[in-house]
$ cat data-v4.txt   # compact mmCIF, C-alpha atoms
# COMPACT_ATOMS: atom_id res chain seq x y z
CA MET A 140 -24.94 13.12 0.17
CA PHE A 141 -25.56 11.58 -3.26
CA GLU A 142 -24.33 14.74 -5.00
CA TYR A 143 -21.13 14.68 -2.93
CA PHE A 144 -20.66 10.99 -3.76
CA LEU A 145 -21.13 11.70 -7.47
CA ARG A 146 -18.67 14.62 -7.45
CA ARG A 147 -15.99 12.52 -5.73
CA LEU A 148 -16.57 9.67 -8.18
CA LEU A 149 -16.23 11.95 -11.19
CA SER A 150 -13.02 13.41 -9.78
CA VAL A 151 -11.54 9.90 -9.50
CA LEU A 152 -12.10 8.90 -13.13
CA PRO A 153 -9.48 11.29 -14.63
CA VAL A 154 -6.93 10.02 -12.11
CA VAL A 155 -7.53 6.42 -13.18
CA PHE A 156 -7.26 7.37 -16.85
CA GLY A 157 -4.03 9.28 -16.21
CA VAL A 158 -2.49 6.35 -14.32
CA ILE A 159 -3.29 3.94 -17.15
CA CYS A 160 -1.77 6.26 -19.77
CA ILE A 161 1.40 6.96 -17.77
CA VAL A 162 2.01 3.28 -17.02
CA ALA A 163 1.32 2.21 -20.60
CA VAL A 164 3.81 4.74 -21.97
CA ALA A 165 6.43 4.13 -19.27
CA ILE A 166 6.52 0.34 -19.69
CA ARG A 167 7.01 0.78 -23.45
CA LEU A 168 9.94 3.13 -22.90
CA ILE A 169 11.88 0.41 -21.03
CA PRO A 170 14.54 -1.07 -23.33
CA GLY A 171 13.74 -4.54 -24.55
CA ASP A 172 11.35 -6.24 -26.94
CA PRO A 173 8.56 -8.37 -25.42
CA ILE A 174 8.61 -10.58 -28.50
CA ASP A 175 12.17 -11.60 -27.66
CA HIS A 176 11.03 -12.70 -24.20
CA ILE A 177 8.13 -14.66 -25.68
CA LEU A 178 10.28 -16.50 -28.23
CA GLY A 179 13.26 -16.92 -25.90
CA ASP A 180 16.36 -18.30 -27.57
CA GLU A 181 14.41 -19.87 -30.41
CA SER A 182 15.23 -18.67 -33.88
CA SER A 183 12.15 -17.20 -35.44
CA SER A 184 11.17 -15.95 -38.83
CA VAL A 185 10.01 -12.46 -39.62
CA GLU A 186 6.51 -13.82 -40.23
CA THR A 187 6.34 -15.31 -36.73
CA ARG A 188 7.36 -12.04 -35.14
CA LYS A 189 4.80 -10.13 -37.17
CA LEU A 190 2.06 -12.57 -36.18
CA LEU A 191 2.90 -12.13 -32.51
CA GLU A 192 3.06 -8.35 -32.85
CA LYS A 193 -0.36 -8.39 -34.49
CA GLU A 194 -1.76 -10.75 -31.83
CA TYR A 195 -0.77 -8.39 -29.02
CA SER A 196 -1.39 -5.18 -31.04
CA LEU A 197 2.28 -4.21 -30.81
CA ASN A 198 2.24 -3.20 -34.46
CA LEU A 199 -0.11 -0.32 -33.66
CA PRO A 200 0.94 3.17 -32.53
CA VAL A 201 1.22 3.55 -28.75
CA PRO A 202 -1.78 5.94 -28.44
CA LEU A 203 -3.95 3.42 -30.28
CA GLN A 204 -2.68 0.60 -28.05
CA ILE A 205 -3.67 2.64 -25.00
CA MET A 206 -7.13 3.35 -26.40
CA ASN A 207 -7.68 -0.35 -27.13
CA TYR A 208 -6.58 -1.18 -23.59
CA MET A 209 -9.00 1.41 -22.18
CA LYS A 210 -11.83 -0.16 -24.15
CA GLY A 211 -10.91 -3.53 -22.67
CA VAL A 212 -10.87 -2.09 -19.14
CA LEU A 213 -14.37 -0.69 -19.65
CA ARG A 214 -15.43 -4.23 -20.58
CA LEU A 215 -13.59 -5.55 -17.47
CA ASP A 216 -11.13 -7.29 -19.78
CA LEU A 217 -7.48 -6.75 -18.82
CA GLY A 218 -6.13 -8.89 -21.64
CA LYS A 219 -3.92 -11.98 -21.55
CA SER A 220 -0.37 -12.40 -20.34
CA MET A 221 2.19 -12.46 -23.13
CA LEU A 222 4.27 -15.06 -21.30
CA THR A 223 1.76 -17.43 -19.68
CA LYS A 224 -1.21 -16.85 -22.04
CA LYS A 225 -3.45 -16.69 -18.95
CA PRO A 226 -5.99 -13.89 -18.49
CA VAL A 227 -4.46 -11.09 -16.46
CA TRP A 228 -7.38 -11.03 -14.06
CA HIS A 229 -6.80 -14.72 -13.22
CA SER A 230 -3.16 -13.99 -12.40
CA ILE A 231 -4.14 -11.06 -10.18
CA ARG A 232 -6.83 -13.09 -8.44
CA GLU A 233 -4.31 -15.83 -7.60
CA ARG A 234 -1.87 -13.34 -6.05
CA ILE A 235 -4.21 -10.85 -4.38
CA VAL A 236 -4.81 -12.87 -1.19
CA PRO A 237 -1.11 -13.10 -0.13
CA THR A 238 -0.65 -9.38 -0.75
CA LEU A 239 -3.73 -8.45 1.29
CA GLU A 240 -2.65 -10.81 4.08
CA LEU A 241 0.77 -9.19 4.23
CA ALA A 242 -0.71 -5.67 4.24
CA VAL A 243 -3.17 -6.52 7.04
CA CYS A 244 -0.44 -8.17 9.13
CA ALA A 245 1.83 -5.15 8.65
CA LEU A 246 -1.03 -2.88 9.73
CA LEU A 247 -1.64 -4.98 12.85
CA VAL A 248 2.06 -4.86 13.74
CA SER A 249 2.02 -1.09 13.32
CA LEU A 250 -1.02 -0.64 15.57
CA LEU A 251 0.18 -3.07 18.26
CA LEU A 252 3.48 -1.19 18.54
CA SER A 253 2.47 2.41 17.90
CA ILE A 254 -0.47 2.62 20.34
CA PRO A 255 1.48 1.69 23.52
CA LEU A 256 4.53 3.66 22.36
CA GLY A 257 2.43 6.76 21.67
CA LEU A 258 0.59 6.46 24.99
CA ILE A 259 3.75 6.02 27.05
CA SER A 260 5.51 8.82 25.19
CA ALA A 261 2.62 11.25 25.78
CA MET A 262 2.22 10.28 29.44
CA ARG A 263 5.96 10.46 30.15
CA GLN A 264 6.90 13.60 28.26
CA LYS A 265 10.60 14.54 28.22
CA SER A 266 11.51 11.24 29.86
CA ILE A 267 13.75 8.46 28.56
CA TRP A 268 10.63 6.71 27.26
CA ASP A 269 9.60 9.77 25.29
CA PHE A 270 13.13 10.27 23.96
CA SER A 271 13.42 6.60 22.93
CA SER A 272 10.03 6.68 21.23
CA MET A 273 10.97 9.71 19.16
CA ILE A 274 14.27 8.11 18.14
CA PHE A 275 12.31 5.06 16.98
CA SER A 276 9.95 7.31 15.00
CA VAL A 277 12.83 8.93 13.16
CA LEU A 278 14.63 5.65 12.48
CA GLY A 279 11.44 3.92 11.38
CA VAL A 280 10.86 6.49 8.67
CA ALA A 281 14.53 6.86 7.70
CA LEU A 282 15.39 3.16 7.32
CA PRO A 283 14.23 1.88 3.91
CA ASN A 284 12.56 -1.53 3.80
CA PHE A 285 14.98 -2.77 1.13
CA TRP A 286 17.71 -2.45 3.80
CA LEU A 287 15.68 -3.44 6.85
CA GLY A 288 14.35 -6.64 5.30
CA PRO A 289 17.75 -8.21 4.49
CA MET A 290 19.08 -7.15 7.90
CA LEU A 291 16.21 -8.94 9.64
CA VAL A 292 16.81 -12.03 7.50
CA LEU A 293 20.53 -12.07 8.34
CA LEU A 294 19.84 -11.68 12.04
CA PHE A 295 16.73 -13.78 12.71
CA SER A 296 16.94 -16.33 9.89
CA VAL A 297 20.58 -16.87 9.01
CA LYS A 298 22.27 -16.25 12.37
CA TRP A 299 19.65 -17.29 14.94
CA ASN A 300 17.41 -19.47 12.71
CA VAL A 301 14.24 -18.25 14.44
CA PHE A 302 12.10 -17.44 11.41
CA PRO A 303 12.10 -18.85 7.86
CA VAL A 304 14.15 -17.01 5.27
CA SER A 305 11.48 -16.59 2.62
CA GLU A 306 8.24 -17.83 1.08
CA ARG A 307 4.73 -18.02 2.57
CA GLY A 308 4.14 -20.84 5.01
CA ASP A 309 3.01 -21.02 8.64
CA TRP A 310 2.52 -18.03 10.95
CA ARG A 311 6.27 -17.61 11.49
CA SER A 312 6.78 -16.71 7.83
CA TYR A 313 4.59 -13.60 8.30
CA ILE A 314 6.68 -12.07 11.11
CA LEU A 315 9.69 -10.64 9.27
CA PRO A 316 7.81 -9.39 6.17
CA SER A 317 5.17 -7.74 8.38
CA ILE A 318 7.79 -5.98 10.49
CA THR A 319 9.68 -4.87 7.38
CA LEU A 320 6.56 -3.46 5.75
CA GLY A 321 4.94 -2.03 8.87
CA THR A 322 7.90 -0.32 10.55
CA ALA A 323 7.58 2.98 8.65
CA LEU A 324 3.84 3.18 9.30
CA CYS A 325 4.41 2.32 12.97
CA ALA A 326 6.84 5.21 13.29
CA VAL A 327 4.41 7.66 11.68
CA LEU A 328 1.49 6.50 13.83
CA THR A 329 3.56 6.72 17.02
CA ARG A 330 4.51 10.31 16.34
CA MET A 331 0.98 11.23 15.25
CA LEU A 332 -0.64 9.62 18.29
CA ARG A 333 1.78 11.29 20.70
CA SER A 334 1.18 14.72 19.17
CA SER A 335 -2.59 14.23 19.20
CA LEU A 336 -2.58 13.01 22.80
CA VAL A 337 -0.43 15.92 24.01
CA ASP A 338 -2.75 18.45 22.34
CA GLU A 339 -5.88 16.78 23.72
CA MET A 340 -4.49 16.55 27.25
CA GLY A 341 -4.49 20.34 27.47
CA GLN A 342 -8.26 20.62 26.96
CA ASP A 343 -10.63 21.79 29.71
CA TYR A 344 -12.50 18.51 30.02
CA VAL A 345 -9.22 16.76 30.93
CA ARG A 346 -8.61 19.19 33.80
CA THR A 347 -12.21 18.71 34.92
CA ALA A 348 -11.83 14.91 34.93
CA ARG A 349 -8.65 15.17 36.96
CA ALA A 350 -10.34 17.54 39.40
CA LYS A 351 -12.94 14.81 40.02
CA GLY A 352 -10.18 12.54 41.27
CA LEU A 353 -9.56 10.36 38.21
CA SER A 354 -6.02 9.14 37.69
CA SER A 355 -3.99 10.30 34.70
CA TRP A 356 -4.10 6.89 33.01
CA SER A 357 -7.83 6.61 33.61
CA VAL A 358 -8.45 10.00 32.03
CA VAL A 359 -6.27 9.20 29.03
CA LEU A 360 -7.68 5.73 28.36
CA LYS A 361 -11.36 6.61 28.93
CA HIS A 362 -11.54 10.10 27.44
CA VAL A 363 -8.41 11.44 25.74
CA PHE A 364 -7.48 8.39 23.68
CA LYS A 365 -10.88 8.21 21.99
CA ASN A 366 -10.71 11.80 20.78
CA SER A 367 -7.03 11.54 19.88
CA SER A 368 -7.53 8.42 17.77
CA ILE A 369 -9.57 10.22 15.08
CA PRO A 370 -6.57 11.63 13.14
CA VAL A 371 -4.73 8.34 13.71
CA LEU A 372 -7.56 6.40 12.10
CA THR A 373 -7.40 8.81 9.18
CA ILE A 374 -3.71 8.08 8.70
CA VAL A 375 -4.38 4.33 8.97
CA GLY A 376 -7.03 4.50 6.26
CA LEU A 377 -4.86 6.49 3.88
CA GLN A 378 -1.71 4.48 4.56
CA PHE A 379 -3.33 1.11 3.90
CA GLY A 380 -3.07 1.82 0.18
CA VAL A 381 0.59 2.68 0.72
CA LEU A 382 1.09 -0.71 2.38
CA LEU A 383 -0.30 -2.42 -0.70
CA THR A 384 2.00 -0.58 -3.09
CA GLY A 385 4.94 -0.75 -0.70
CA SER A 386 4.64 -4.53 -0.56
CA ILE A 387 6.36 -4.81 -3.95
CA ILE A 388 9.89 -4.49 -2.55
CA THR A 389 9.08 -6.49 0.59
CA GLU A 390 7.61 -9.34 -1.44
CA LYS A 391 10.71 -9.42 -3.61
CA ILE A 392 12.98 -9.64 -0.56
CA PHE A 393 11.05 -12.51 1.05
CA ASP A 394 9.97 -14.21 -2.20
CA TRP A 395 6.35 -13.64 -1.22
CA PRO A 396 3.86 -15.01 -3.81
CA GLY A 397 1.86 -11.81 -4.11
CA LEU A 398 1.23 -9.08 -6.63
CA GLY A 399 4.61 -7.50 -5.93
CA THR A 400 6.58 -10.47 -7.25
CA LEU A 401 4.10 -10.81 -10.11
CA ILE A 402 4.63 -7.26 -11.33
CA ILE A 403 8.43 -7.48 -11.00
CA LYS A 404 8.51 -10.65 -13.12
CA ALA A 405 6.19 -8.99 -15.61
CA ILE A 406 8.48 -5.95 -15.88
CA GLU A 407 11.50 -8.18 -16.39
CA GLY A 408 9.66 -10.07 -19.13
CA ARG A 409 8.13 -6.91 -20.69
CA ASP A 410 4.69 -8.44 -20.14
CA TYR A 411 2.72 -5.28 -20.85
CA PRO A 412 -0.81 -6.54 -19.99
CA VAL A 413 0.25 -7.94 -16.59
CA VAL A 414 2.17 -4.79 -15.64
CA GLN A 415 -0.74 -2.56 -16.61
CA GLY A 416 -3.22 -4.80 -14.79
CA CYS A 417 -1.22 -4.88 -11.55
CA VAL A 418 -0.58 -1.13 -11.53
CA LEU A 419 -4.25 -0.53 -12.28
CA PHE A 420 -5.19 -2.69 -9.29
CA PHE A 421 -2.76 -0.89 -6.97
CA SER A 422 -3.98 2.49 -8.19
CA LEU A 423 -7.65 1.60 -7.80
CA SER A 424 -6.99 0.21 -4.32
CA TYR A 425 -5.26 3.40 -3.21
CA ILE A 426 -7.94 5.59 -4.79
CA ALA A 427 -10.72 3.49 -3.25
CA VAL A 428 -9.28 3.85 0.26
CA ASN A 429 -9.00 7.62 -0.17
CA PHE A 430 -12.48 7.72 -1.64
CA ILE A 431 -13.98 5.80 1.32
CA THR A 432 -12.12 8.09 3.73
CA ASP A 433 -13.57 11.17 2.04
CA LEU A 434 -17.06 9.71 2.20
CA SER A 435 -16.64 8.88 5.87
CA TYR A 436 -15.69 12.51 6.52
CA ALA A 437 -18.80 13.70 4.74
CA PHE A 438 -20.93 11.24 6.69
CA LEU A 439 -19.49 12.21 10.07
CA ASP A 440 -19.23 15.95 9.41
CA PRO A 441 -21.89 17.49 7.11
CA ARG A 442 -19.86 20.71 6.88
CA ILE A 443 -17.46 18.94 4.52
CA ARG A 444 -20.29 18.39 2.04
CA LEU A 445 -21.02 22.10 2.08
CA THR A 446 -17.34 22.89 1.55
CA GLY A 447 -17.24 20.56 -1.44
CA LYS A 448 -19.87 22.66 -3.23
CA ASN A 449 -17.73 25.78 -3.20

$ encode --input "data-v4.txt" --output "structure tokens"
Amino acid sequence: MFEYFLRRLLSVLPVVFGVICIVAVAIRLIPGDPIDHILGDESSSVETRKLLEKEYSLNLPVPLQIMNYMKGVLRLDLGKSMLTKKPVWHSIRERIVPTLELAVCALLVSLLLSIPLGLISAMRQKSIWDFSSMIFSVLGVALPNFWLGPMLVLLFSVKWNVFPVSERGDWRSYILPSITLGTALCAVLTRMLRSSLVDEMGQDYVRTARAKGLSSWSVVLKHVFKNSSIPVLTIVGLQFGVLLTGSIITEKIFDWPGLGTLIIKAIEGRDYPVVQGCVLFFSLSYIAVNFITDLSYAFLDPRIRLTGKN
């Protein structure tokens, strides 16, 4: 088990290094000078600009800037924000809780909707319920959250005044952002659960349970659902990282004080350390979830460990 853990860990390190390099190069290719954003409209001398460039290592070649940043990451030092002068880790720590709250709420919305929809769709195959559920699955994936979010705001906030328009407040402020972020995952889970249930319902043990006199719902809830939920749990684990990264657009729509709004403001201000720190956090979160999922497979099924050696 330890050897498998070590192999998976070593395979993750190149991915993290590649992400840091790509983000560092990409943010520097965006037109605009970060020094201009730091100085604003103030007239500055050439000496002042050179001092700032030296302070933030902008006078060095890009490969050397990346190497210096990598050294800082190894020391758990993500640098300081060019605009606020605050350590990047402090900025991330202040915004991480709202982002995690939004991701968890979106996940709960997805599960609360997808489980009953998947069950009803599988139990009532080729019925109006099944047809409606599949239409929802297609629409949920097809409708982008940058369109769905404003539509929900116009309907439930502007027209009916049921939920607040934006910002993080009481429980009502979580409803629209959670639905916006969780709809796509809900659609995927509904389709996955239905397919898994339909396949499992054709197994011999299901026919045996029915022959004993158990009702269809009793068989599904007590036996079939447990076995069918394994691939669904896999999708949930993998998609949680997607919820974190997907929150960027949703947070912008609802002015949510999370990492999404932080990274957008940093990109607009060419705040290189903050952008790199936020992307590094998102990448590590996604990789960590995948890593934990792989380890859980190896723990539950030893055959996977043997496969990993080949």

$ residues_around --input "data-v4.txt" --residues "Val248 of chain A" --least-positions-apart "3" --cutoff "10 Å" --atoms "only C-alpha atoms" --output "count of residues only"
16

$ residues_near_point --input "data-v4.txt" --point "(2.2, -7.3, -16.6)" --cutoff "8 Å" --atoms "all atoms listed in the file" --output "JSON, numbers by chain"
{"A": [220, 227, 401, 402, 404, 405, 406, 409, 410, 411, 412, 413, 414, 415, 416, 417]}

$ residues_around --input "data-v4.txt" --residues "Leu191 of chain A" --least-positions-apart "2" --cutoff "10 Å" --atoms "all atoms listed in the file" --output "list in words"
Pro173, Ile174, Ile177, Leu178, Glu186, Thr187, Arg188, Lys189, Lys193, Glu194, Tyr195, Ser196, Leu197, Asn198 and Met221 of chain A

$ atom_distance --input "data-v4.txt" --atom1 "atom CA of Gly385 of chain A" --atom2 "atom CA of Gly257 of chain A"
23.7 Å
